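Content type compact mmCIF, N, CA and C atoms, from the file entry.txt:
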# COMPACT_ATOMS: atom_id res chain seq x y z
N GLY A 211 102.33 63.74 124.96
CA GLY A 211 101.93 64.52 126.10
C GLY A 211 100.70 65.34 125.77
N ASN A 212 100.23 66.01 126.79
CA ASN A 212 99.08 66.90 126.63
C ASN A 212 99.55 68.22 126.03
N GLU A 213 98.96 68.58 124.96
CA GLU A 213 99.29 69.86 124.33
C GLU A 213 98.09 70.77 124.42
N LEU A 214 98.36 72.02 124.75
CA LEU A 214 97.30 73.01 124.80
C LEU A 214 97.10 73.55 123.39
N VAL A 215 95.92 73.38 122.88
CA VAL A 215 95.60 73.86 121.54
C VAL A 215 94.53 74.93 121.69
N GLU A 216 94.86 76.12 121.19
CA GLU A 216 93.90 77.21 121.24
C GLU A 216 92.93 77.08 120.08
N GLN A 217 91.67 77.01 120.41
CA GLN A 217 90.66 76.96 119.37
C GLN A 217 89.97 78.31 119.31
N VAL A 218 89.97 78.87 118.13
CA VAL A 218 89.37 80.18 117.92
C VAL A 218 88.31 80.04 116.85
N LYS A 219 87.14 80.50 117.15
CA LYS A 219 86.08 80.51 116.14
C LYS A 219 85.89 81.95 115.69
N LEU A 220 86.10 82.16 114.43
CA LEU A 220 85.97 83.49 113.85
C LEU A 220 84.76 83.52 112.94
N LYS A 221 84.01 84.60 113.02
CA LYS A 221 82.93 84.81 112.07
C LYS A 221 83.41 85.95 111.16
N LEU A 222 83.82 85.57 109.98
CA LEU A 222 84.39 86.53 109.05
C LEU A 222 83.32 87.07 108.13
N LYS A 223 83.27 88.37 108.05
CA LYS A 223 82.34 89.03 107.13
C LYS A 223 82.98 89.08 105.75
N PRO A 224 82.18 89.24 104.72
CA PRO A 224 82.77 89.39 103.38
C PRO A 224 83.79 90.54 103.36
N ASP A 225 84.87 90.34 102.64
CA ASP A 225 85.93 91.35 102.62
C ASP A 225 85.93 92.21 101.35
N LYS A 226 84.85 92.18 100.59
CA LYS A 226 84.80 92.91 99.32
C LYS A 226 85.01 94.42 99.49
N LEU A 227 84.44 95.03 100.52
CA LEU A 227 84.60 96.48 100.71
C LEU A 227 86.06 96.85 100.94
N LEU A 228 86.77 96.07 101.77
CA LEU A 228 88.19 96.34 101.98
C LEU A 228 88.99 96.07 100.73
N ARG A 229 88.67 95.01 100.01
CA ARG A 229 89.38 94.73 98.76
C ARG A 229 89.21 95.87 97.76
N ASP A 230 87.98 96.38 97.65
CA ASP A 230 87.73 97.50 96.74
C ASP A 230 88.50 98.74 97.18
N ARG A 231 88.64 98.93 98.46
CA ARG A 231 89.33 100.11 99.00
C ARG A 231 90.83 100.02 98.79
N TRP A 232 91.42 98.85 99.01
CA TRP A 232 92.87 98.72 99.05
C TRP A 232 93.50 98.08 97.81
N PHE A 233 92.73 97.36 97.01
CA PHE A 233 93.31 96.62 95.90
C PHE A 233 92.76 97.10 94.56
N VAL A 234 93.59 97.01 93.53
CA VAL A 234 93.17 97.39 92.18
C VAL A 234 92.29 96.28 91.61
N PRO A 235 91.43 96.61 90.63
CA PRO A 235 90.54 95.59 90.07
C PRO A 235 91.28 94.36 89.52
N GLY A 236 92.47 94.55 88.96
CA GLY A 236 93.23 93.42 88.42
C GLY A 236 93.61 92.40 89.47
N ALA A 237 93.63 92.80 90.74
CA ALA A 237 93.98 91.88 91.82
C ALA A 237 92.87 90.88 92.09
N MET A 238 91.68 91.14 91.59
CA MET A 238 90.56 90.24 91.85
C MET A 238 90.64 88.97 90.99
N SER A 239 91.54 88.92 90.04
CA SER A 239 91.62 87.77 89.13
C SER A 239 92.24 86.53 89.78
N HIS A 240 92.90 86.69 90.89
CA HIS A 240 93.55 85.52 91.51
C HIS A 240 92.49 84.55 92.04
N PRO A 241 92.62 83.27 91.75
CA PRO A 241 91.58 82.30 92.14
C PRO A 241 91.55 81.95 93.62
N ALA A 242 92.62 82.26 94.38
CA ALA A 242 92.68 81.84 95.79
C ALA A 242 93.14 82.99 96.67
N LYS A 243 92.33 84.04 96.74
CA LYS A 243 92.68 85.20 97.54
C LYS A 243 92.48 84.89 99.02
N GLY A 244 93.48 85.25 99.85
CA GLY A 244 93.33 85.07 101.29
C GLY A 244 92.30 86.06 101.82
N HIS A 245 91.47 85.64 102.75
CA HIS A 245 90.45 86.52 103.33
C HIS A 245 91.14 87.58 104.19
N LEU A 246 90.86 88.85 103.92
CA LEU A 246 91.53 89.94 104.63
C LEU A 246 91.25 89.92 106.13
N GLY A 247 90.05 89.54 106.52
CA GLY A 247 89.73 89.46 107.94
C GLY A 247 90.54 88.38 108.65
N LEU A 248 90.76 87.27 107.97
CA LEU A 248 91.57 86.19 108.54
C LEU A 248 93.02 86.63 108.66
N TRP A 249 93.54 87.24 107.58
CA TRP A 249 94.91 87.76 107.64
C TRP A 249 95.05 88.72 108.81
N TRP A 250 94.10 89.65 108.93
CA TRP A 250 94.17 90.66 109.99
C TRP A 250 94.24 89.98 111.36
N GLU A 251 93.38 89.02 111.59
CA GLU A 251 93.35 88.30 112.88
C GLU A 251 94.68 87.59 113.14
N LEU A 252 95.21 86.92 112.15
CA LEU A 252 96.48 86.22 112.31
C LEU A 252 97.62 87.18 112.60
N PHE A 253 97.69 88.27 111.84
CA PHE A 253 98.76 89.23 112.06
C PHE A 253 98.65 89.90 113.43
N GLU A 254 97.45 90.21 113.83
CA GLU A 254 97.23 90.85 115.13
C GLU A 254 97.65 89.92 116.26
N ARG A 255 97.33 88.65 116.14
CA ARG A 255 97.65 87.67 117.20
C ARG A 255 99.12 87.28 117.26
N TYR A 256 99.74 87.10 116.10
CA TYR A 256 101.03 86.43 116.07
C TYR A 256 102.22 87.27 115.62
N THR A 257 101.99 88.55 115.35
CA THR A 257 103.10 89.43 114.98
C THR A 257 103.03 90.70 115.79
N LYS A 258 104.15 91.42 115.79
CA LYS A 258 104.23 92.70 116.50
C LYS A 258 104.65 93.78 115.52
N PRO A 259 104.26 95.04 115.79
CA PRO A 259 104.72 96.12 114.93
C PRO A 259 106.25 96.10 114.79
N GLY A 260 106.70 96.34 113.56
CA GLY A 260 108.13 96.34 113.27
C GLY A 260 108.68 95.01 112.81
N GLU A 261 107.96 93.91 113.05
CA GLU A 261 108.44 92.60 112.62
C GLU A 261 108.26 92.43 111.11
N TRP A 262 109.03 91.46 110.57
CA TRP A 262 108.96 91.11 109.15
C TRP A 262 108.19 89.82 108.97
N VAL A 263 107.22 89.83 108.07
CA VAL A 263 106.42 88.67 107.70
C VAL A 263 106.82 88.27 106.28
N LEU A 264 106.99 86.99 106.06
CA LEU A 264 107.28 86.49 104.72
C LEU A 264 106.08 85.72 104.21
N ASP A 265 105.59 86.13 103.04
CA ASP A 265 104.52 85.41 102.34
C ASP A 265 105.17 84.80 101.10
N PRO A 266 105.52 83.50 101.14
CA PRO A 266 106.30 82.90 100.06
C PRO A 266 105.55 82.71 98.74
N MET A 267 104.23 82.70 98.78
CA MET A 267 103.43 82.56 97.57
C MET A 267 102.34 83.62 97.64
N ALA A 268 102.73 84.87 97.46
CA ALA A 268 101.89 86.02 97.78
C ALA A 268 100.70 86.23 96.85
N GLY A 269 100.71 85.63 95.68
CA GLY A 269 99.58 85.85 94.77
C GLY A 269 99.46 87.32 94.42
N ILE A 270 98.32 87.92 94.74
CA ILE A 270 98.12 89.35 94.46
C ILE A 270 98.43 90.21 95.67
N GLY A 271 98.91 89.60 96.75
CA GLY A 271 99.42 90.39 97.86
C GLY A 271 98.43 90.72 98.97
N SER A 272 97.48 89.85 99.25
CA SER A 272 96.56 90.11 100.36
C SER A 272 97.31 90.35 101.66
N SER A 273 98.46 89.71 101.81
CA SER A 273 99.25 89.86 103.04
C SER A 273 99.83 91.26 103.20
N MET A 274 99.76 92.10 102.16
CA MET A 274 100.28 93.46 102.28
C MET A 274 99.51 94.27 103.32
N ILE A 275 98.34 93.81 103.72
CA ILE A 275 97.60 94.56 104.74
C ILE A 275 98.38 94.62 106.05
N VAL A 276 99.33 93.71 106.24
CA VAL A 276 100.13 93.76 107.46
C VAL A 276 100.91 95.07 107.55
N ALA A 277 101.25 95.65 106.42
CA ALA A 277 101.95 96.94 106.43
C ALA A 277 101.05 98.05 106.96
N MET A 278 99.74 97.89 106.80
CA MET A 278 98.79 98.86 107.34
C MET A 278 98.71 98.75 108.86
N MET A 279 99.29 97.68 109.42
CA MET A 279 99.29 97.41 110.85
C MET A 279 100.67 97.67 111.47
N GLY A 280 101.54 98.34 110.72
CA GLY A 280 102.85 98.68 111.25
C GLY A 280 103.88 97.56 111.18
N ARG A 281 103.56 96.48 110.49
CA ARG A 281 104.52 95.40 110.28
C ARG A 281 105.12 95.56 108.89
N ASN A 282 106.10 94.75 108.58
CA ASN A 282 106.75 94.75 107.27
C ASN A 282 106.50 93.40 106.62
N VAL A 283 106.46 93.38 105.30
CA VAL A 283 106.16 92.12 104.62
C VAL A 283 107.01 91.96 103.37
N ILE A 284 107.47 90.73 103.19
CA ILE A 284 108.14 90.32 101.95
C ILE A 284 107.13 89.47 101.19
N CYS A 285 106.69 89.97 100.05
CA CYS A 285 105.74 89.25 99.21
C CYS A 285 106.50 88.61 98.06
N ASN A 286 106.61 87.31 98.09
CA ASN A 286 107.30 86.56 97.04
C ASN A 286 106.25 85.90 96.15
N GLU A 287 106.35 86.13 94.87
CA GLU A 287 105.40 85.52 93.93
C GLU A 287 106.15 85.12 92.67
N MET A 288 105.91 83.92 92.19
CA MET A 288 106.59 83.42 91.00
C MET A 288 105.96 83.95 89.70
N GLU A 289 104.64 84.05 89.67
CA GLU A 289 103.95 84.36 88.43
C GLU A 289 103.91 85.86 88.16
N SER A 290 104.51 86.27 87.05
CA SER A 290 104.66 87.69 86.74
C SER A 290 103.33 88.41 86.57
N HIS A 291 102.29 87.71 86.10
CA HIS A 291 101.01 88.40 85.88
C HIS A 291 100.33 88.79 87.20
N PHE A 292 100.82 88.32 88.33
CA PHE A 292 100.29 88.76 89.62
C PHE A 292 101.15 89.88 90.23
N ILE A 293 102.37 90.02 89.76
CA ILE A 293 103.28 91.04 90.32
C ILE A 293 102.78 92.45 90.01
N VAL A 294 102.35 92.71 88.79
CA VAL A 294 101.90 94.05 88.40
C VAL A 294 100.71 94.51 89.24
N PRO A 295 99.62 93.72 89.35
CA PRO A 295 98.51 94.19 90.19
C PRO A 295 98.91 94.31 91.67
N MET A 296 99.86 93.48 92.12
CA MET A 296 100.31 93.59 93.51
C MET A 296 101.00 94.95 93.73
N ARG A 297 101.88 95.31 92.80
CA ARG A 297 102.56 96.62 92.92
C ARG A 297 101.56 97.78 92.83
N GLN A 298 100.59 97.66 91.94
CA GLN A 298 99.58 98.71 91.80
C GLN A 298 98.71 98.80 93.07
N SER A 299 98.39 97.66 93.65
CA SER A 299 97.60 97.67 94.88
C SER A 299 98.40 98.29 96.02
N TRP A 300 99.70 98.01 96.10
CA TRP A 300 100.52 98.60 97.16
C TRP A 300 100.56 100.12 97.00
N ALA A 301 100.66 100.61 95.77
CA ALA A 301 100.62 102.06 95.54
C ALA A 301 99.29 102.64 96.01
N LYS A 302 98.19 101.93 95.75
CA LYS A 302 96.87 102.38 96.19
C LYS A 302 96.76 102.35 97.71
N MET A 303 97.27 101.30 98.34
CA MET A 303 97.19 101.18 99.79
C MET A 303 97.95 102.30 100.49
N ARG A 304 99.10 102.69 99.93
CA ARG A 304 99.91 103.75 100.55
C ARG A 304 99.18 105.09 100.57
N GLN A 305 98.18 105.25 99.73
CA GLN A 305 97.41 106.49 99.66
C GLN A 305 96.28 106.53 100.69
N GLN A 306 96.02 105.42 101.37
CA GLN A 306 94.90 105.31 102.30
C GLN A 306 95.27 105.85 103.68
N ALA A 307 94.25 106.20 104.43
CA ALA A 307 94.46 106.61 105.81
C ALA A 307 94.97 105.43 106.62
N MET A 308 95.85 105.69 107.54
CA MET A 308 96.42 104.63 108.36
C MET A 308 95.43 104.18 109.42
N LEU A 309 95.69 103.02 109.98
CA LEU A 309 94.78 102.40 110.93
C LEU A 309 95.35 102.45 112.35
N GLY A 310 95.94 103.60 112.71
CA GLY A 310 96.50 103.75 114.04
C GLY A 310 97.94 103.29 114.16
N TYR A 311 98.57 102.96 113.05
CA TYR A 311 99.95 102.50 113.04
C TYR A 311 100.75 103.34 112.04
N GLU A 312 102.06 103.33 112.20
CA GLU A 312 102.93 103.87 111.17
C GLU A 312 103.04 102.82 110.08
N ILE A 313 102.95 103.22 108.84
CA ILE A 313 102.93 102.25 107.74
C ILE A 313 104.24 101.47 107.69
N GLY A 314 104.10 100.18 107.45
CA GLY A 314 105.26 99.30 107.35
C GLY A 314 105.81 99.26 105.94
N GLN A 315 106.84 98.48 105.75
CA GLN A 315 107.48 98.33 104.45
C GLN A 315 106.93 97.10 103.73
N VAL A 316 106.89 97.18 102.42
CA VAL A 316 106.50 96.06 101.58
C VAL A 316 107.60 95.84 100.55
N LEU A 317 108.12 94.63 100.53
CA LEU A 317 109.12 94.25 99.55
C LEU A 317 108.49 93.19 98.66
N ILE A 318 108.36 93.50 97.37
CA ILE A 318 107.74 92.59 96.41
C ILE A 318 108.84 91.96 95.57
N ILE A 319 108.90 90.64 95.62
CA ILE A 319 109.94 89.88 94.91
C ILE A 319 109.27 88.90 93.96
N GLN A 320 109.77 88.83 92.74
CA GLN A 320 109.33 87.77 91.84
C GLN A 320 110.34 86.66 91.95
N GLY A 321 109.90 85.52 92.50
CA GLY A 321 110.83 84.42 92.68
C GLY A 321 110.14 83.13 93.04
N ASP A 322 110.93 82.11 93.13
CA ASP A 322 110.49 80.74 93.41
C ASP A 322 110.39 80.55 94.92
N ALA A 323 109.29 80.03 95.40
CA ALA A 323 109.10 79.81 96.84
C ALA A 323 110.06 78.76 97.40
N ARG A 324 110.72 78.03 96.54
CA ARG A 324 111.71 77.05 97.01
C ARG A 324 113.04 77.68 97.34
N CYS A 325 113.19 78.98 97.06
CA CYS A 325 114.44 79.70 97.31
C CYS A 325 114.07 81.05 97.93
N LEU A 326 113.85 81.05 99.24
CA LEU A 326 113.28 82.21 99.93
C LEU A 326 114.30 82.98 100.76
N PRO A 327 114.07 84.28 100.93
CA PRO A 327 114.94 85.11 101.78
C PRO A 327 114.55 84.99 103.26
N LEU A 328 114.75 83.82 103.84
CA LEU A 328 114.29 83.56 105.21
C LEU A 328 115.05 84.32 106.28
N GLY A 329 116.27 84.74 106.01
CA GLY A 329 117.07 85.40 107.03
C GLY A 329 116.45 86.66 107.60
N ARG A 330 115.56 87.28 106.86
CA ARG A 330 115.00 88.55 107.28
C ARG A 330 113.62 88.41 107.94
N ALA A 331 113.02 87.26 107.87
CA ALA A 331 111.64 87.09 108.32
C ALA A 331 111.56 86.70 109.80
N ASP A 332 110.61 87.33 110.51
CA ASP A 332 110.30 86.92 111.87
C ASP A 332 109.24 85.83 111.87
N CYS A 333 108.43 85.79 110.82
CA CYS A 333 107.43 84.74 110.69
C CYS A 333 107.11 84.53 109.22
N VAL A 334 106.62 83.34 108.90
CA VAL A 334 106.22 82.97 107.54
C VAL A 334 104.76 82.61 107.61
N ILE A 335 103.99 83.13 106.66
CA ILE A 335 102.57 82.84 106.64
C ILE A 335 102.13 82.52 105.22
N THR A 336 101.27 81.52 105.08
CA THR A 336 100.78 81.14 103.76
C THR A 336 99.29 80.81 103.85
N VAL A 337 98.66 80.77 102.71
CA VAL A 337 97.26 80.36 102.64
C VAL A 337 97.25 78.86 102.39
N PRO A 338 96.57 78.09 103.24
CA PRO A 338 96.51 76.64 102.99
C PRO A 338 95.67 76.37 101.76
N MET A 339 96.11 75.44 100.96
CA MET A 339 95.38 75.11 99.73
C MET A 339 94.84 73.71 99.84
Mind turning this structure into structure tokens?
Amino acid sequence: GNELVEQVKLKLKPDKLLRDRWFVPGAMSHPAKGHLGLWWELFERYTKPGEWVLDPMAGIGSSMIVAMMGRNVICNEMESHFIVPMRQSWAKMRQQAMLGYEIGQVLIIQGDARCLPLGRADCVITVPM
């Protein structure tokens, strides 16, 4: 059948200034960081304040910006060397001025993406590789 497909063209600016503001330097070591502007657009379009987002392969936690938008996020990451900078970045983010929302919750889990806490998530989001 005919399916309506929404096509959106985004012009994303470099996200270095936001990364420097919200993330610790150790978070820059991840080879596949999600673009913060893209995350912001996706969260704004497809989630509502108070909802839970699950990022099953969170890396250094770029998806934590959803908490700055009044949503909650479960960041699941298997590799321990990314967990420490993610926790440090979340501590840094909590010190920042809010963006018109009440700050959401961030739950950081070290675990395998094949065994996820799906019962609590309203949506799942990942970076395509």
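Of all the residues in chain A, the ones DSSP labels as strand (DSSP E) from the backbone are Trp262, Val263, Leu264, Asp265, Asn282, Val283, Ile284, Cys285, Asn286, Glu287, Val316, Leu317, Ile318, Ile319, Gln320, Cys333 and Val334 of chain A.
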For the residues selected in the previous step, produce a file with N, CA and C atoms as a tab-separated table (two decimals), in the frame of the given file.
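Generated output (part_4.tsv):
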chain	number	residue	atom	x	y	z
A	262	TRP	N	109.03	91.46	110.57
A	262	TRP	CA	108.96	91.11	109.15
A	262	TRP	C	108.19	89.82	108.97
A	263	VAL	N	107.22	89.83	108.07
A	263	VAL	CA	106.42	88.67	107.70
A	263	VAL	C	106.82	88.27	106.28
A	264	LEU	N	106.99	86.99	106.06
A	264	LEU	CA	107.28	86.49	104.72
A	264	LEU	C	106.08	85.72	104.21
A	265	ASP	N	105.59	86.13	103.04
A	265	ASP	CA	104.52	85.41	102.34
A	265	ASP	C	105.17	84.80	101.10
A	282	ASN	N	106.10	94.75	108.58
A	282	ASN	CA	106.75	94.75	107.27
A	282	ASN	C	106.50	93.40	106.62
A	283	VAL	N	106.46	93.38	105.30
A	283	VAL	CA	106.16	92.12	104.62
A	283	VAL	C	107.01	91.96	103.37
A	284	ILE	N	107.47	90.73	103.19
A	284	ILE	CA	108.14	90.32	101.95
A	284	ILE	C	107.13	89.47	101.19
A	285	CYS	N	106.69	89.97	100.05
A	285	CYS	CA	105.74	89.25	99.21
A	285	CYS	C	106.50	88.61	98.06
A	286	ASN	N	106.61	87.31	98.09
A	286	ASN	CA	107.30	86.56	97.04
A	286	ASN	C	106.25	85.90	96.15
A	287	GLU	N	106.35	86.13	94.87
A	287	GLU	CA	105.40	85.52	93.93
A	287	GLU	C	106.15	85.12	92.67
A	316	VAL	N	106.89	97.18	102.42
A	316	VAL	CA	106.50	96.06	101.58
A	316	VAL	C	107.60	95.84	100.55
A	317	LEU	N	108.12	94.63	100.53
A	317	LEU	CA	109.12	94.25	99.55
A	317	LEU	C	108.49	93.19	98.66
A	318	ILE	N	108.36	93.50	97.37
A	318	ILE	CA	107.74	92.59	96.41
A	318	ILE	C	108.84	91.96	95.57
A	319	ILE	N	108.90	90.64	95.62
A	319	ILE	CA	109.94	89.88	94.91
A	319	ILE	C	109.27	88.90	93.96
A	320	GLN	N	109.77	88.83	92.74
A	320	GLN	CA	109.33	87.77	91.84
A	320	GLN	C	110.34	86.66	91.95
A	333	CYS	N	108.43	85.79	110.82
A	333	CYS	CA	107.43	84.74	110.69
A	333	CYS	C	107.11	84.53	109.22
A	334	VAL	N	106.62	83.34	108.90
A	334	VAL	CA	106.22	82.97	107.54
A	334	VAL	C	104.76	82.61	107.61
Could you tell me, as a ChimeraX atom specification, which residues of chain A DSSP assigns to alpha helix (DSSP H) when given the backbone? /A:226-232,246-256,290-304
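Among the candidates A:Trp250, A:Met267, A:Ile313, A:Tyr256, the one nearest to Met288 of chain A when counting only N, CA and C atoms is A:Met267.
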Atomic separation - atom CA of Gly271 of chain A relative to atom C of Cys285 of chain A, Å: 7.3 Å
Can you tell me, as number ranges by chain, what residues are no more than 12 Å from Gln305 of chain A when counting only C-alpha atoms, ignoring any on the same chain fewer than 4 positions away? A: 231-233, 278, 298-301, 313
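Using only C-alpha atoms, the smallest distance between any of A:Gly329, A:Gly310, A:Gly269, A:Pro224 and Leu246 of chain A comes from A:Pro224.
Here atom CA of Arg281 of chain A stands at a distance of 12.4 Å from atom CA of Leu252 of chain A.
One finds atom CA of Thr336 of chain A at 11.4 Å from atom CA of Ala242 of chain A.
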Name the closest residue to Arg330 of chain A among the candidates A:Gly314, A:Trp262, A:Ile275, A:Ala268; distances are taken between atoms, counting all atoms listed in the file. A:Trp262
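Proximity of A:Gly321, A:Ile270, A:Lys226, A:Gly247 to Arg297 of chain A, computed with only N, CA and C atoms, is greatest for A:Ile270.
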